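Listing of work.txt, compact mmCIF, C-alpha atoms and all ligand atoms
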# COMPACT_ATOMS: atom_id res chain seq x y z
CA MET G 405 71.48 129.89 109.29
CA GLU G 406 74.59 131.99 109.42
CA ASN G 407 74.63 133.39 105.93
CA ASN G 408 74.52 136.96 107.16
CA ILE G 409 78.14 136.81 108.31
CA VAL G 410 80.17 139.29 106.30
CA TYR G 411 83.72 138.52 107.46
CA SER G 412 85.47 135.34 108.58
CA VAL G 413 88.89 135.69 110.17
CA VAL G 414 90.87 132.44 110.00
CA VAL G 415 93.66 132.07 112.56
CA PRO G 416 95.96 129.00 112.55
CA LEU G 417 97.32 128.07 115.96
CA TYR G 418 100.19 125.81 116.80
CA ASN G 419 101.39 126.02 120.39
CA GLU G 420 100.32 129.63 120.72
CA GLU G 421 99.30 129.63 124.40
CA LEU G 422 101.28 132.82 124.98
CA VAL G 423 99.60 134.83 122.24
CA ILE G 424 96.06 133.52 121.80
CA PHE G 425 94.28 135.81 124.31
CA GLU G 426 96.07 138.95 123.08
CA SER G 427 95.50 137.95 119.48
CA TYR G 428 91.78 137.40 120.10
CA LYS G 429 91.51 140.76 121.92
CA ARG G 430 93.23 142.72 119.13
CA LEU G 431 91.24 140.98 116.39
CA LYS G 432 87.98 141.67 118.18
CA GLU G 433 88.84 145.34 118.65
CA VAL G 434 89.58 145.70 114.95
CA MET G 435 86.65 143.66 113.65
CA ASP G 436 84.15 145.47 115.94
CA LYS G 437 85.10 148.66 114.12
CA THR G 438 83.63 147.29 110.88
CA GLY G 439 80.15 147.46 112.43
CA GLU G 440 79.29 144.33 110.46
CA LYS G 441 78.78 140.72 111.47
CA TYR G 442 81.90 138.58 111.59
CA GLU G 443 83.23 135.30 112.91
CA ILE G 444 86.66 134.24 114.06
CA VAL G 445 87.70 130.72 113.05
CA PHE G 446 90.53 129.37 115.18
CA VAL G 447 92.24 126.28 113.80
CA ASN G 448 94.19 124.44 116.45
CA ASP G 449 96.77 122.49 114.49
CA GLY G 450 97.47 119.76 117.05
CA SER G 451 98.99 122.02 119.71
CA ILE G 452 100.54 120.24 122.66
CA ASP G 453 100.42 123.19 125.05
CA ALA G 454 97.42 124.99 126.56
CA THR G 455 96.28 126.48 123.24
CA ARG G 456 93.29 124.17 122.90
CA LYS G 457 92.07 124.85 126.42
CA LYS G 458 92.43 128.59 126.00
CA ALA G 459 90.71 128.53 122.61
CA GLU G 460 87.84 126.53 124.10
CA LEU G 461 87.51 129.13 126.85
CA ILE G 462 87.18 131.88 124.26
CA CYS G 463 84.68 129.80 122.29
CA ASN G 464 82.53 129.21 125.35
CA LYS G 465 82.32 132.92 126.03
CA ASP G 466 81.98 134.25 122.50
CA ARG G 467 79.49 132.80 120.04
CA GLY G 468 81.24 134.54 117.22
CA VAL G 469 84.23 132.22 117.54
CA LYS G 470 84.53 128.76 116.02
CA LEU G 471 87.28 126.33 116.85
CA ILE G 472 88.52 123.50 114.67
CA ASN G 473 90.71 121.02 116.52
CA PHE G 474 92.94 118.84 114.36
CA SER G 475 93.71 115.30 115.49
CA ARG G 476 97.45 116.11 115.23
CA ASN G 477 99.80 118.68 113.73
CA PHE G 478 99.10 118.81 109.97
CA GLY G 479 100.93 122.06 109.29
CA HIS G 480 100.15 125.72 108.72
CA GLN G 481 98.90 125.32 105.13
CA ALA G 482 96.48 122.52 106.06
CA ALA G 483 95.27 124.63 109.00
CA ILE G 484 94.42 127.67 106.90
CA THR G 485 92.76 125.43 104.30
CA ALA G 486 90.52 123.88 106.99
CA GLY G 487 89.68 127.36 108.26
CA MET G 488 88.67 128.47 104.77
CA ASP G 489 86.57 125.29 104.33
CA VAL G 490 84.57 126.08 107.46
CA ALA G 491 84.38 129.88 107.04
CA VAL G 492 81.02 131.24 105.87
CA GLY G 493 81.77 134.97 105.47
CA ASP G 494 81.47 136.90 102.22
CA ALA G 495 85.13 137.81 102.68
CA ILE G 496 87.68 135.59 104.41
CA VAL G 497 90.81 136.94 106.05
CA VAL G 498 93.75 134.69 106.95
CA ILE G 499 96.08 136.03 109.63
CA ASP G 500 98.82 134.54 111.81
CA ALA G 501 98.14 134.30 115.53
CA ASP G 502 101.38 135.89 116.70
CA LEU G 503 100.46 139.50 115.77
CA GLN G 504 103.35 139.77 113.32
CA ASP G 505 100.64 140.67 110.82
CA PRO G 506 98.97 143.74 112.38
CA PRO G 507 95.19 143.15 112.65
CA GLU G 508 94.55 146.85 111.91
CA VAL G 509 95.62 146.24 108.29
CA ILE G 510 92.47 144.11 107.87
CA LEU G 511 90.43 147.34 107.75
CA GLU G 512 92.48 148.56 104.78
CA MET G 513 91.97 145.17 103.10
CA ILE G 514 88.22 145.45 103.64
CA GLU G 515 88.27 148.92 102.03
CA LYS G 516 89.87 147.44 98.89
CA TRP G 517 87.42 144.53 98.88
CA LYS G 518 84.55 147.01 98.99
CA GLN G 519 86.09 148.73 95.96
CA GLY G 520 85.63 145.46 94.09
CA TYR G 521 88.92 143.57 94.55
CA GLU G 522 88.51 139.86 95.18
CA VAL G 523 91.98 139.21 96.59
CA VAL G 524 93.80 141.72 98.78
CA TYR G 525 97.16 140.48 99.96
CA GLY G 526 99.45 142.02 102.54
CA LYS G 527 102.84 143.03 101.18
CA ARG G 528 105.64 143.21 103.75
CA ILE G 529 107.65 146.36 103.18
CA LYS G 530 109.75 145.76 106.28
CA ARG G 531 110.28 142.84 108.66
CA GLU G 532 111.10 143.59 112.27
CA GLY G 533 112.64 141.27 114.83
CA GLU G 534 113.51 138.48 112.42
CA SER G 535 116.98 137.08 111.91
CA PHE G 536 119.13 138.20 109.00
CA LEU G 537 119.07 134.63 107.69
CA LYS G 538 115.25 134.46 107.68
CA LYS G 539 114.91 137.81 105.94
CA PHE G 540 117.60 136.99 103.39
CA THR G 541 116.30 133.51 102.57
CA ALA G 542 112.72 134.76 102.30
CA LYS G 543 113.66 137.66 100.03
CA THR G 544 115.79 135.47 97.78
CA TYR G 545 113.24 132.66 97.69
CA TYR G 546 110.30 134.81 96.59
CA ARG G 547 112.39 136.18 93.74
CA ILE G 548 113.62 132.75 92.61
CA LEU G 549 110.06 131.43 92.69
CA LYS G 550 108.82 134.36 90.63
CA SER G 551 111.51 133.82 88.02
CA MET G 552 110.65 130.13 87.76
CA THR G 553 106.96 130.34 87.04
CA SER G 554 104.64 131.95 84.57
CA VAL G 555 102.08 132.50 87.34
CA ASP G 556 102.24 136.06 88.61
CA VAL G 557 103.28 135.39 92.24
CA PRO G 558 103.85 138.61 94.15
CA VAL G 559 107.11 138.87 96.10
CA ASP G 560 107.39 139.46 99.88
CA VAL G 561 103.86 138.24 100.46
CA GLY G 562 102.83 135.61 102.99
CA ASP G 563 99.42 134.15 103.76
CA PHE G 564 98.07 137.32 105.39
CA ARG G 565 95.31 138.31 102.99
CA LEU G 566 91.63 138.82 102.37
CA ILE G 567 89.84 136.73 99.77
CA ASP G 568 86.30 136.89 98.50
CA LYS G 569 84.11 133.81 99.03
CA LYS G 570 84.26 133.25 95.24
CA VAL G 571 88.05 132.84 95.49
CA CYS G 572 87.59 130.58 98.51
CA ALA G 573 85.28 128.31 96.48
CA ALA G 574 87.81 128.22 93.63
CA LEU G 575 90.56 127.19 96.06
CA ALA G 576 88.36 124.48 97.56
CA SER G 577 87.99 123.01 94.07
CA LEU G 578 91.75 122.41 93.83
CA PRO G 579 92.39 118.94 95.25
CA GLU G 580 96.15 119.08 95.77
CA LYS G 581 97.53 118.14 99.15
CA ASN G 582 101.04 119.62 99.27
CA ARG G 583 99.51 123.02 99.35
CA TYR G 584 101.22 126.33 98.90
CA VAL G 585 98.14 128.41 99.49
CA ARG G 586 99.59 131.81 98.56
CA GLY G 587 100.70 130.40 95.19
CA LEU G 588 97.31 128.83 94.54
CA VAL G 589 95.63 132.16 95.25
CA SER G 590 97.78 133.71 92.52
CA TRP G 591 97.00 130.80 90.23
CA VAL G 592 93.20 131.06 90.52
CA GLY G 593 93.29 134.65 89.27
CA PHE G 594 90.45 137.14 89.94
CA LYS G 595 90.92 140.84 90.60
CA GLN G 596 93.91 141.15 92.92
CA THR G 597 95.57 144.03 94.73
CA TYR G 598 97.63 144.59 97.86
CA VAL G 599 98.11 146.76 100.90
CA GLU G 600 101.55 147.40 102.36
CA PHE G 601 102.44 146.76 105.97
CA VAL G 602 105.38 146.47 108.35
CA ARG G 603 105.76 142.97 109.73
CA HIS G 604 106.34 143.27 113.47
CA GLU G 605 108.16 141.09 115.91
CA ARG G 606 106.29 138.10 117.32
CA PHE G 607 104.14 139.16 120.31
CA ALA G 608 105.45 136.21 122.38
CA GLY G 609 106.83 132.71 121.98
CA GLU G 610 109.07 131.24 119.32
CA THR G 611 108.59 130.74 115.60
CA LYS G 612 106.67 127.55 114.80
CA TYR G 613 108.47 127.38 111.46
CA PRO G 614 111.79 125.65 112.03
CA LEU G 615 114.16 125.24 109.07
CA GLY G 616 112.72 121.83 108.07
CA LYS G 617 109.17 123.18 107.75
CA MET G 618 110.45 126.23 105.88
CA ILE G 619 112.28 124.06 103.34
CA LYS G 620 109.17 121.88 102.89
CA LEU G 621 107.04 124.98 102.25
CA ALA G 622 109.62 126.40 99.86
CA MET G 623 109.75 123.15 97.86
CA ASP G 624 105.93 122.95 97.81
CA GLY G 625 105.91 126.43 96.33
CA ILE G 626 108.36 125.58 93.58
CA THR G 627 107.02 122.12 92.70
CA SER G 628 103.41 123.27 92.63
CA LEU G 629 104.05 126.24 90.36
CA SER G 630 106.99 125.25 88.18
CA HIS G 631 108.46 122.41 86.12
CA ARG G 632 111.61 124.37 85.53
CA PRO G 633 113.83 122.43 87.98
CA LEU G 634 113.07 119.23 86.04
CA ILE G 635 113.97 120.92 82.78
CA PHE G 636 117.06 122.41 84.42
CA VAL G 637 118.22 118.86 85.26
CA ASN G 638 117.99 118.10 81.58
CA TYR G 639 120.21 121.07 80.71
CA ILE G 640 122.78 120.04 83.30
CA GLY G 641 122.82 116.50 81.91
CA THR G 642 123.26 117.75 78.35
CA ALA G 643 126.00 120.19 79.32
CA CYS G 644 127.85 117.49 81.28
CA SER G 645 127.74 114.94 78.50
CA LEU G 646 128.96 117.54 76.00
CA ILE G 647 131.85 118.54 78.28
CA GLY G 648 132.63 114.85 78.89
CA LEU G 649 132.56 114.07 75.16
CA ILE G 650 134.76 117.02 74.17
CA SER G 651 137.31 116.41 76.94
CA THR G 652 137.51 112.70 76.07
CA ILE G 653 138.21 113.54 72.41
CA VAL G 654 140.82 116.17 73.42
CA ILE G 655 142.56 113.75 75.82
CA ILE G 656 142.66 110.95 73.26
CA MET G 657 144.10 113.29 70.63
CA ARG G 658 146.72 114.65 73.02
CA ASN G 659 147.69 111.11 73.97
CA ILE G 660 148.13 110.22 70.34
CA ILE G 661 150.04 113.41 69.43
CA TYR G 662 152.37 113.63 72.47
CA GLN G 663 152.51 109.90 73.11
CA HIS G 664 152.22 110.18 76.91
CA ASN G 665 149.67 109.56 79.59
CA ILE G 666 148.25 112.88 80.81
CA LEU G 667 145.54 111.36 82.97
CA ASP G 668 146.54 111.61 86.61
CA LEU G 669 144.44 109.98 89.30
CA SER G 670 143.42 113.13 91.19
CA LEU G 671 141.95 114.65 88.05
CA ILE G 672 139.89 111.53 87.44
CA LEU G 673 138.72 111.40 91.05
CA SER G 674 137.69 115.04 91.18
CA LEU G 675 135.84 114.79 87.89
CA ASN G 676 134.15 111.68 89.18
CA THR G 677 133.03 113.40 92.38
CA PHE G 678 131.72 116.34 90.39
CA MET G 679 129.73 114.05 88.11
CA PHE G 680 128.35 112.04 91.00
CA GLY G 681 127.27 115.28 92.63
CA LEU G 682 125.37 116.29 89.53
CA VAL G 683 123.70 112.91 89.27
CA PHE G 684 122.55 113.06 92.88
CA ILE G 685 121.29 116.62 92.55
CA SER G 686 119.28 115.54 89.52
CA LEU G 687 117.88 112.51 91.31
CA GLY G 688 117.02 114.71 94.29
CA ILE G 689 115.05 117.14 92.16
CA MET G 690 113.13 114.29 90.56
CA GLY G 691 112.56 112.82 94.02
CA GLN G 692 110.92 116.07 95.13
CA TYR G 693 108.38 115.77 92.35
CA ILE G 694 107.92 112.00 92.58
CA GLY G 695 107.30 112.22 96.33
CA ARG G 696 104.56 114.73 95.71
CA ILE G 697 103.04 112.64 92.91
CA PHE G 698 102.96 109.76 95.39
CA ASP G 699 101.16 111.91 97.96
CA GLU G 700 98.57 112.98 95.43
CA ALA G 701 98.13 109.36 94.23
CA LYS G 702 97.42 108.22 97.78
CA ASP G 703 94.68 110.83 97.84
CA ARG G 704 94.57 111.06 101.62
CA PRO G 705 92.70 113.96 103.18
CA MET G 706 94.85 117.00 103.85
CA TYR G 707 93.83 117.11 107.51
CA ILE G 708 91.71 115.22 110.01
CA ILE G 709 89.42 117.08 112.36
CA ASP G 710 89.03 115.86 115.91
CA ASN G 711 86.05 118.13 116.58
CA ILE G 712 84.56 121.51 115.74
CA ILE G 713 83.25 123.71 118.48
CA SER G 714 80.74 126.25 117.31
CA TYR G 715 77.63 127.63 118.85
CA ARG G 716 76.38 128.46 115.39
CA ASP G 717 75.56 125.87 112.72
CA VAL G 718 78.60 124.82 110.78
CA ASP G 719 78.43 124.01 107.09
CA ILE G 720 81.52 122.24 105.85
CA LYS G 721 81.74 122.99 102.16
N1 LIG Y 1 101.34 127.30 112.50
C1 LIG Y 1 100.46 126.21 112.38
N2 LIG Y 1 101.00 124.97 112.21
C2 LIG Y 1 102.34 124.75 112.15
C3 LIG Y 1 103.21 125.87 112.23
C4 LIG Y 1 102.67 127.13 112.39
O1 LIG Y 1 99.23 126.38 112.45
O2 LIG Y 1 102.73 123.59 112.01
C5 LIG Y 1 100.75 128.66 112.70
C6 LIG Y 1 101.33 129.44 113.85
O3 LIG Y 1 100.65 129.19 115.06
C7 LIG Y 1 101.13 130.89 113.38
C8 LIG Y 1 101.30 130.77 111.86
O4 LIG Y 1 101.09 129.41 111.54
O5 LIG Y 1 99.84 131.39 113.66
C9 LIG Y 1 102.68 131.20 111.38
O6 LIG Y 1 103.69 130.56 112.12
P1 LIG Y 1 104.95 131.34 112.74
O7 LIG Y 1 104.50 132.67 113.22
O8 LIG Y 1 105.59 130.47 113.76
O9 LIG Y 1 105.87 131.46 111.45
P2 LIG Y 1 106.90 132.64 111.12
O10 LIG Y 1 106.12 133.93 111.24
O11 LIG Y 1 107.99 132.55 112.11
O12 LIG Y 1 107.33 132.36 109.72
MG MG Y 2 105.11 134.50 112.87
Written as structure tokens, that's how I'd like the structure from this file.
Amino acid sequence: MENNIVYSVVVPLYNEELVIFESYKRLKEVMDKTGEKYEIVFVNDGSIDATRKKAELICNKDRGVKLINFSRNFGHQAAITAGMDVAVGDAIVVIDADLQDPPEVILEMIEKWKQGYEVVYGKRIKREGESFLKKFTAKTYYRILKSMTSVDVPVDVGDFRLIDKKVCAALASLPEKNRYVRGLVSWVGFKQTYVEFVRHERFAGETKYPLGKMIKLAMDGITSLSHRPLIFVNYIGTACSLIGLISTIVIIMRNIIYQHNILDLSLILSLNTFMFGLVFISLGIMGQYIGRIFDEAKDRPMYIIDNIISYRDVDIK
């Protein structure tokens, strides 16, 4: 059995051939300092470069490393969920492979966990080597999300965190597929705290989060934690019909009083375009929710595993 493992470090990997060896080395250095038993769980999220081969090499040499290979790319959130499902430690740490989250911070997280906290998240006080656009959109997004939900979601916090196995079990009991893991961790509650850190530049390679994936993640965050956009659509609709009603009455009265036609075509066209815009925005917001309802109704698994390489027994919870 492997129930004496104290820490599991979950590392999602998507085309990380340039960073995986360095990442493994740094994680090992840090985790050895704990003097306690740990495992590293690599989740290869359908990489199409040499990541799988390199991860298998590490696995063959080090019995403390497990590797989950997905059958294709299912995305970062599915990868960390699979890692948590396989992890057996008393505390589970999720960290990106690219060393933007400094592994040394894990030791501070462990300190807090030992003080009795069940969730210790990493709060980015500074981001280095990221574009102005990324920093700006991230900063704005976290604040919008916070204002939209009654769940206490911390701002400037990614998935770099330590969670107790109790929290991990609570997360595993949530069946939703369009997962926004950091939001769900806030939702499940428990005793939470944070440690601050400076987010460094990527060790090597490019971001694996292009704009499309970022927008998907952002929408997952909002739709999973808030109904406010749907209600907002309602407000827009009400405001528009009121404006439309009042302006129609005013125009009719003016026509009657001044006995001339004040409606010119450009005014009608621009109003029309404006209204169409509002209708499409509203439909789009509903579409975001309906699409997700459809995904949940299909009830497909969140990820499919090709194989798991582990020289210890693996219990999938
Ligand atoms: N990642 C993944 N699947 C994906 C995209 C990313 O497993 O589809 C992993 C990636 O290998 C990295 C982590 O998720 O370990 C965060 O990705 P990245 O560093 O590219 O995101 P950024 O820091 O630029 O937001
Ligand atoms: Mg990164």
Would you please work out which residue, of G:Phe540, G:Tyr662, G:Tyr418, G:Tyr428, is nearest to Ala454 (chain G) when using only C-alpha atoms?
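Answer, going by the shortest atom-to-atom distance: G:Tyr418.
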Close residues to ligand MG 2 (chain Y) using all atoms listed in the file, limit 7 Å, as a compact mmCIF listing (two decimals) with C-alpha atoms, keeping the file's coordinate frame:
# COMPACT_ATOMS: atom_id res chain seq x y z
CA ASP G 500 98.82 134.54 111.81
CA ASP G 502 101.38 135.89 116.70
CA GLN G 504 103.35 139.77 113.32
CA ARG G 606 106.29 138.10 117.32
CA THR G 611 108.59 130.74 115.60
Pick from G:Thr553, G:Ile653, G:Thr544, G:Val524 nearest to Phe594 (chain G), counting all atoms listed in the file
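Using all atoms listed in the file, Phe594 (chain G) sits closest to G:Val524.
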Of the candidates G:Ile496, G:Leu629, G:Ile697, G:Ile472, which shows the shortest atom-to-atom distance to ligand LIG 1 (chain Y), using only C-alpha atoms and all ligand atoms?
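Going through G:Ile496, G:Leu629, G:Ile697, G:Ile472 one by one, the smallest distance to ligand LIG 1 (chain Y) is for G:Ile472.
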Using 9 Å as the limit and counting all atoms listed in the file, can you tabulate each residue of chain G that touches ligand LIG 1 (chain Y), with its shortest atom-to-atom distance in Å and the two atoms involved, as CSV?
residue,atom,partner,partner_atom,distance
G:Val415,CA,Y:LIG1,O5,6.3
G:Pro416,CA,Y:LIG1,O1,4.2
G:Leu417,CA,Y:LIG1,O3,3.6
G:Tyr418,CA,Y:LIG1,O3,3.8
G:Asn419,CA,Y:LIG1,O3,6.2
G:Glu420,CA,Y:LIG1,O3,5.7
G:Val447,CA,Y:LIG1,O1,7.1
G:Asn448,CA,Y:LIG1,O1,6.7
G:Asp449,CA,Y:LIG1,O1,5.0
G:Gly450,CA,Y:LIG1,N2,7.9
G:Ser451,CA,Y:LIG1,N2,8.3
G:Asn477,CA,Y:LIG1,O2,6.0
G:Phe478,CA,Y:LIG1,O2,6.3
G:Gly479,CA,Y:LIG1,O2,3.6
G:His480,CA,Y:LIG1,N2,3.7
G:Gln481,CA,Y:LIG1,N2,7.4
G:Ala482,CA,Y:LIG1,O1,8.0
G:Ala483,CA,Y:LIG1,O1,5.5
G:Ile484,CA,Y:LIG1,O1,7.5
G:Ile499,CA,Y:LIG1,O5,7.2
G:Asp500,CA,Y:LIG1,O5,3.8
G:Ala501,CA,Y:LIG1,O5,3.9
G:Asp502,CA,Y:LIG1,O5,5.6
G:Leu503,CA,Y:LIG1,O7,8.3
G:Gln504,CA,Y:LIG1,O10,6.8
G:Asp505,CA,Y:LIG1,O10,8.7
G:Glu534,CA,Y:LIG1,O11,8.1
G:Lys538,CA,Y:LIG1,O12,8.4
G:Gly562,CA,Y:LIG1,O12,8.7
G:Asp563,CA,Y:LIG1,C9,8.8
G:Glu605,CA,Y:LIG1,O10,8.8
G:Arg606,CA,Y:LIG1,O7,7.0
G:Gly609,CA,Y:LIG1,O8,8.6
G:Glu610,CA,Y:LIG1,O8,6.6
G:Thr611,CA,Y:LIG1,O8,3.5
G:Lys612,CA,Y:LIG1,O8,3.3
G:Tyr613,CA,Y:LIG1,O8,4.8
G:Pro614,CA,Y:LIG1,O11,7.9
G:Lys617,CA,Y:LIG1,O2,7.7
G:Met618,CA,Y:LIG1,O12,7.9
Atom pair CA of Gly681 (chain G) / CA of Ser645 (chain G): separation (Å)
14.1 Å
Could you check the closest approach to Arg476 (chain G) for each of G:Lys530, G:Ile708, G:Gly691, G:Gln663 and tell me which residue wins, using all atoms listed in the file?
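The closest residue to Arg476 (chain G) is G:Ile708.
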Surrounding residues of Cys463 (chain G) excluding itself and chain neighbours under 3 positions, 10 Å, all atoms listed in the file, as a PyMOL selection string:
chain G and resi 444-446+457-460+466-471+713-715
Shell of 12 Å around Pro705 (chain G), all atoms listed in the file, local chain residues under 3 positions omitted, as a PyMOL selection string
chain G and resi 478+482+485-486+579-583+699-702+708-709
What's around Asp710 (chain G) at 8 Å? Count all atoms listed in the file, leave out sequence neighbours fewer than 5 positions away in its own chain, and write the answer as a ChimeraX atom specification.
/G:472-475
With C-alpha atoms retained, write the just-selected residues as a compact mmCIF listing (two decimals), in the coordinates of the input.
# COMPACT_ATOMS: atom_id res chain seq x y z
CA ILE G 472 88.52 123.50 114.67
CA ASN G 473 90.71 121.02 116.52
CA PHE G 474 92.94 118.84 114.36
CA SER G 475 93.71 115.30 115.49
Residues within 10 Å of (106.3, 123.0, 94.3), file coordinates, counting all atoms listed in the file: what are they? Give the list as a PyMOL selection string.
chain G and resi 549+582-584+587+620-631+633+692-693+696
Interatomic distance (Å, one decimal) between CA of Phe636 (chain G) and CA of Val592 (chain G):
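Distance reported for this atom pair: 26.1 Å.
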Counting all atoms listed in the file, which of G:Asp489, G:Glu421, G:Asp494, G:Glu515 gets nearest to Phe607 (chain G)?
G:Glu421
Pull the neighbourhood of (94.3, 148.6, 108.4) for me: all residues within 12 Å in file coordinates, counting only C-alpha atoms, as a count of residues only.
26
Could you tell me how far CA of Met488 (chain G) lies from CA of Leu422 (chain G), in Å and to one decimal?
24.2 Å
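Among the candidate residues G:Lys539, G:Arg586, G:Lys595, G:Lys570, the one lying nearest to Tyr521 (chain G) is G:Lys595, with distances computed using all atoms listed in the file.
Once Gly593 (chain G) and its same-chain neighbours fewer than 6 positions away are set aside, G:Glu522, G:Val523, G:Val555, G:Asp556, G:Val571, G:Ala574 remain within 10 Å of it when counting only C-alpha atoms.
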With only C-alpha atoms as the counted atoms, please give the residues lying no more than 9 Å from Tyr546 (chain G), apart from itself and same-chain residues fewer than 5 positions off, as a ChimeraX atom specification.
/G:541,551,557-561
